[in-house]
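Below is one structure, written out as C-alpha cells; comments come after it.
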Amino acid sequence: MLRKIVQGIAFALLAPMLARAQQPQCAYQVNFTDKNNTPYSLSSPSAYLSARALARRTAQGIAVDSTDIPVNHSYIDSILTLTGGVFHESSRWKNLMVVLVNEADTAGVLQSLNSLTFVSSAQIVGYYGGTGLHGKQQVVHDSVLPAVPYAGRTTSDAAYYGFTWAQTQLVNGNVLHDEGHLAQGKMIAILDAGFVGADTCPYGFDSLRTSGRIIDVHNFSYGSDFVYGYDNHGTAVLSTMAGYVPDTFVGSAPRAMYDLYVTETEPTEQPLELVNLLCGTERADSVGADVITCSLGYNTFDNPIYDFDVTTQFDGKTTLAAQAVNTATQKGILFVSSAGNEGAKTAPWNMILTPGDADSALTVGNVKPDGTIAATSGYGPNNAGNIKPDVCAQGQSANVVDGTQYIADNGTSFSTPQIAGWAACLWQAHPEATPSSLRRAIDSCASIHWAPNSHYGYGIANFSCSDFLLSVKSPVLPVNQLSVSPNPFTDEIKLQVNLSVSGTLNIRIVDIWGRVVRSESVAAIAGYTAQTTINTTGLAAGVYLLQAHSEKMNQVLRIVKP
C-alpha cells in the first residue's frame, strides 16, 4: 500500500458491531473449473451488465463473452456449506470466490476444497485476527462542516483554479476546461483504502454530492456499502479530480460521475487485497465506468512467502492485479495506475509496483512543481521491457482535500488521479476514442516522448497537445509517399515525396494551437522522388504536425523538436 493512515473507531458503533463480532478468520481463494449450469447467458447480458456498460462496449465494438458470466451460484453455495464460512467476494473474470472461515474451523479445509470436482485449486490469501473482516467496526464522523460559498466559473487562470493552478497548468489541462470539457457524462471509479470525510466535508465535495454524481459505492474489504471510514487517502485522491470550489480549488474532472470502492484493508498487507482490487475493477465495469484510477500498489506482504519477485513477476501480465487491468482494458475501460513510491529505495525495490506494471495500464509517475522527477517516484520499465511509467504529473506538493482541509501532500497517489481526470475530459472531447487511442495520444505528447527513460517514462503529460492530436482526422495512406528526416529535428527538415500522380504537394507545419508556423510547396512528377528542405530555425521545442496535401493525397505526420 502506498500510504497507511488508520482512522479512530467511534465508541458509539462499537457495541452493536461487537454483538456480531467473529473469531479470527482465514481467507480462502477458491478457483472453479467452469461455469456449467449457470442461469446466465450471453444472449441476455442485461442480467449482469448495466445498460451503460453495454453501451460502452457497443461503442467500441466489444462483444460480451464467457468471462462476463457471473460465477455459478450453486458452486458458491456448496463452498459455504462445506466450510461453514462467510462469503466475501467472487470474480466472474477469473471464475473464483473468496470464503472467510473462522480460524477454529480451518482444519482440513484446503484438502476438502481441493477434492471437489468443480474446484481447480484453492489457497489461503489472508489471515485476519481480532474480529475478522466481517466483524470490522465502522467509523462515524464529526458534524458536517459549513458549506463554502463559491461563484460560477470565469476564466481558467491562477485565480480561478486557486490551489490547483500549478498542477493544472503543468499538464495544460486547463485547455480542456476552456473548451467546456469538464468530464460531463464520464464515470470514474476509484479503488482505494477509504474516503473519510467525502460524505461530509464541503471543501470541494458539496457540488459532487448535491448533484448526485456519486453513483456507486462498495467496501470490498469489509463486505458492506460503507466507504466513508478507515482512511482518508481515497478522499484526497477524489479531491484532485472532483474538487470544485472556483477561485479556491478546481480538480481535473469536476463534472464527472464517481464510483467509490474500498479495496485496501488497513493496516494489514495480504494477497486478498489483490482479489478485492480485481472485484472492484469488475464492479466498475458492470456499472459502466469509463475510467478507473488506482493509487494502490503491491510488492511485499505481511507474510513474506507471498512477496512478489520484483525482478521477474512485474512483467505486465502475471500478477492478479495486472491481469485485472488488462481485462478491464479489453472491456473498453481506461485504467490509470500509480507507478508507486519506491524510487528512493535500493534496487530492485525502487521499481514500479503492480498493477502499475500492467501492459495496458496508463502508469503515472510523480514530478515536483518545477517538473523535475520526485526521488520517490517508482522506476520502470516493467520486467517485459515496456516503458513505465507512461507519463508524469505533479505529485510532490500536490494540493488535495484530506476530508477536513486543503493541504499539500506527496506521492504518485496524487499525480495518478489528476491524469485520470484529465483523460476523462479528453475522452469527453473525443467520444470516438478508445482506451488505446487515448493512451497513445497522451504518451505521444509527453515532454520527452522521443527519448523516454525509466524514471519519467515519456515525460510530463500535455493535454492540450493530446487534444490536438485526437482532433486530426486523416486517411491512412502508404507511408512511402512521404518521408521526413530527421525526426526529432533541430534547424531543418528534409522531405522526400514520391507521388503516384504528378502535381503540387502543399506542406504545412502546424503547432498544437493549430497555427501554421511553416509552409512549402513541392512540385512532384509521378514515379520520381522530389526532395525539399524546410528551415525550422526559431521554432520552439514541442510537438508539431506536418500536413501534406495534394489532389490525390492527404497525410499527417507527427514531428518533434526537442
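Quick note on naming: the chains in the C-alpha cells go A, B, ... in the order shown, residues restart at 1 in each chain, and ligands are numbered from 1 in order of appearance.
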Using only C-alpha atoms, which residues of region 347-381 of chain A come within 8 Å of region 439-455 of chain A, and what is the closest atom pair for each, with the distance in Å to one decimal? Give it as JSON lines, sorted by chain and residue number.
```
{"residue": "A:Leu362", "atom": "CA", "partner": "A:Arg439", "partner_atom": "CA", "distance": 6.5}
{"residue": "A:Gly365", "atom": "CA", "partner": "A:His455", "partner_atom": "CA", "distance": 7.6}
{"residue": "A:Ile373", "atom": "CA", "partner": "A:His455", "partner_atom": "CA", "distance": 7.4}
{"residue": "A:Ser377", "atom": "CA", "partner": "A:His455", "partner_atom": "CA", "distance": 7.3}
{"residue": "A:Gly378", "atom": "CA", "partner": "A:His455", "partner_atom": "CA", "distance": 7.0}
{"residue": "A:Tyr379", "atom": "CA", "partner": "A:His455", "partner_atom": "CA", "distance": 5.0}
{"residue": "A:Gly380", "atom": "CA", "partner": "A:Ser454", "partner_atom": "CA", "distance": 4.6}
{"residue": "A:Pro381", "atom": "CA", "partner": "A:Ser454", "partner_atom": "CA", "distance": 5.7}
```
- Task: Return as a PyMOL selection string the full set of residues in region 363-417 of chain A whose backbone-based DSSP assignment is strand (DSSP E or B).
- Result: chain A and resi 363-367+373+379+391-394+398-401+406-409
Can you write out the residues you just picked, keeping N, CA and C atoms, as a PDB file, in the first residue's frame?
```
ATOM      1  N   THR A 363       0.316   4.243 -16.722  1.00  0.00           N
ATOM      2  CA  THR A 363       1.013   4.294 -15.441  1.00  0.00           C
ATOM      3  C   THR A 363       1.629   5.672 -15.239  1.00  0.00           C
ATOM      4  N   VAL A 364       1.467   6.216 -14.031  1.00  0.00           N
ATOM      5  CA  VAL A 364       1.791   7.617 -13.785  1.00  0.00           C
ATOM      6  C   VAL A 364       2.883   7.757 -12.723  1.00  0.00           C
ATOM      7  N   GLY A 365       3.894   8.572 -13.046  1.00  0.00           N
ATOM      8  CA  GLY A 365       4.950   8.916 -12.109  1.00  0.00           C
ATOM      9  C   GLY A 365       4.705  10.275 -11.483  1.00  0.00           C
ATOM     10  N   ASN A 366       5.648  10.720 -10.671  1.00  0.00           N
ATOM     11  CA  ASN A 366       5.479  11.898  -9.827  1.00  0.00           C
ATOM     12  C   ASN A 366       6.608  12.886 -10.065  1.00  0.00           C
ATOM     13  N   VAL A 367       6.253  14.122 -10.387  1.00  0.00           N
ATOM     14  CA  VAL A 367       7.252  15.183 -10.505  1.00  0.00           C
ATOM     15  C   VAL A 367       6.956  16.291  -9.502  1.00  0.00           C
ATOM     16  N   ILE A 373      11.829  15.211 -11.599  1.00  0.00           N
ATOM     17  CA  ILE A 373      11.280  13.979 -11.052  1.00  0.00           C
ATOM     18  C   ILE A 373      11.416  13.948  -9.531  1.00  0.00           C
ATOM     19  N   TYR A 379      10.605   3.451 -10.448  1.00  0.00           N
ATOM     20  CA  TYR A 379      11.327   3.257 -11.699  1.00  0.00           C
ATOM     21  C   TYR A 379      10.685   2.176 -12.564  1.00  0.00           C
ATOM     22  N   VAL A 391       3.578   8.386 -18.211  1.00  0.00           N
ATOM     23  CA  VAL A 391       3.720   9.840 -18.130  1.00  0.00           C
ATOM     24  C   VAL A 391       3.808  10.252 -16.661  1.00  0.00           C
ATOM     25  N   CYS A 392       4.082  11.522 -16.440  1.00  0.00           N
ATOM     26  CA  CYS A 392       4.171  12.073 -15.089  1.00  0.00           C
ATOM     27  C   CYS A 392       3.271  13.297 -14.949  1.00  0.00           C
ATOM     28  N   ALA A 393       2.903  13.583 -13.711  1.00  0.00           N
ATOM     29  CA  ALA A 393       2.205  14.814 -13.339  1.00  0.00           C
ATOM     30  C   ALA A 393       2.701  15.197 -11.953  1.00  0.00           C
ATOM     31  N   GLN A 394       2.263  16.346 -11.477  1.00  0.00           N
ATOM     32  CA  GLN A 394       2.748  16.811 -10.179  1.00  0.00           C
ATOM     33  C   GLN A 394       2.128  16.018  -9.039  1.00  0.00           C
ATOM     34  N   ALA A 398       1.473  18.244  -4.129  1.00  0.00           N
ATOM     35  CA  ALA A 398       0.186  18.326  -4.825  1.00  0.00           C
ATOM     36  C   ALA A 398      -0.874  18.821  -3.851  1.00  0.00           C
ATOM     37  N   ASN A 399      -1.754  19.652  -4.327  1.00  0.00           N
ATOM     38  CA  ASN A 399      -2.808  20.194  -3.472  1.00  0.00           C
ATOM     39  C   ASN A 399      -4.027  19.288  -3.506  1.00  0.00           C
ATOM     40  N   VAL A 400      -4.504  18.935  -2.310  1.00  0.00           N
ATOM     41  CA  VAL A 400      -5.613  17.995  -2.163  1.00  0.00           C
ATOM     42  C   VAL A 400      -6.515  18.476  -1.030  1.00  0.00           C
ATOM     43  N   VAL A 401      -7.670  17.817  -0.895  1.00  0.00           N
ATOM     44  CA  VAL A 401      -8.542  17.985   0.260  1.00  0.00           C
ATOM     45  C   VAL A 401      -8.509  16.669   1.029  1.00  0.00           C
ATOM     46  N   TYR A 406      -7.760  21.925   3.099  1.00  0.00           N
ATOM     47  CA  TYR A 406      -6.849  21.914   1.956  1.00  0.00           C
ATOM     48  C   TYR A 406      -5.433  21.709   2.483  1.00  0.00           C
ATOM     49  N   ILE A 407      -4.706  20.777   1.886  1.00  0.00           N
ATOM     50  CA  ILE A 407      -3.324  20.539   2.282  1.00  0.00           C
ATOM     51  C   ILE A 407      -2.500  20.233   1.045  1.00  0.00           C
ATOM     52  N   ALA A 408      -1.173  20.289   1.185  1.00  0.00           N
ATOM     53  CA  ALA A 408      -0.256  19.809   0.155  1.00  0.00           C
ATOM     54  C   ALA A 408       0.229  18.433   0.592  1.00  0.00           C
ATOM     55  N   ASP A 409       0.187  17.474  -0.316  1.00  0.00           N
ATOM     56  CA  ASP A 409       0.614  16.111   0.003  1.00  0.00           C
ATOM     57  C   ASP A 409       1.526  15.609  -1.111  1.00  0.00           C
TER      58      ASP A 409
END
```
- Residue neighbourhood Leu113 (chain A), 12 Å, only C-alpha atoms, exclusion window fewer than 2 positions, as a count of residues only: 32
- Skip region 184-199 of chain A itself and residues of its chain fewer than 3 positions away, then list as a ChimeraX atom specification all residues within 8 Å of it, counting only C-alpha atoms. /A:141,181,205,209,227-235,238,255-266,277,280-281,284,288-296,402-404,420-421,424-425,428
- Message: What's around region 519-533 of chain A at 6 Å? Count only C-alpha atoms, leave out sequence neighbours fewer than 6 positions away in its own chain, and write the answer as JSON, numbers by chain.
- Response: {"A": [493, 494, 495, 496, 497, 498, 499, 500, 501, 502, 503, 504, 505, 506, 507, 508]}
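With only C-alpha atoms as the atoms that count, the minimum distance from Leu133 (chain A) to the choices A:Val64, A:Ala27, A:Leu208, A:Ala242 is reached by A:Ala27.
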- In Å and to one decimal, CA of Val71 (chain A) is distant from CA of Tyr127 (chain A) by 24.0 Å
- Note on the structure: Correct to one decimal, the distance CA of His218 (chain A)-CA of Ala183 (chain A) is 22.6 Å
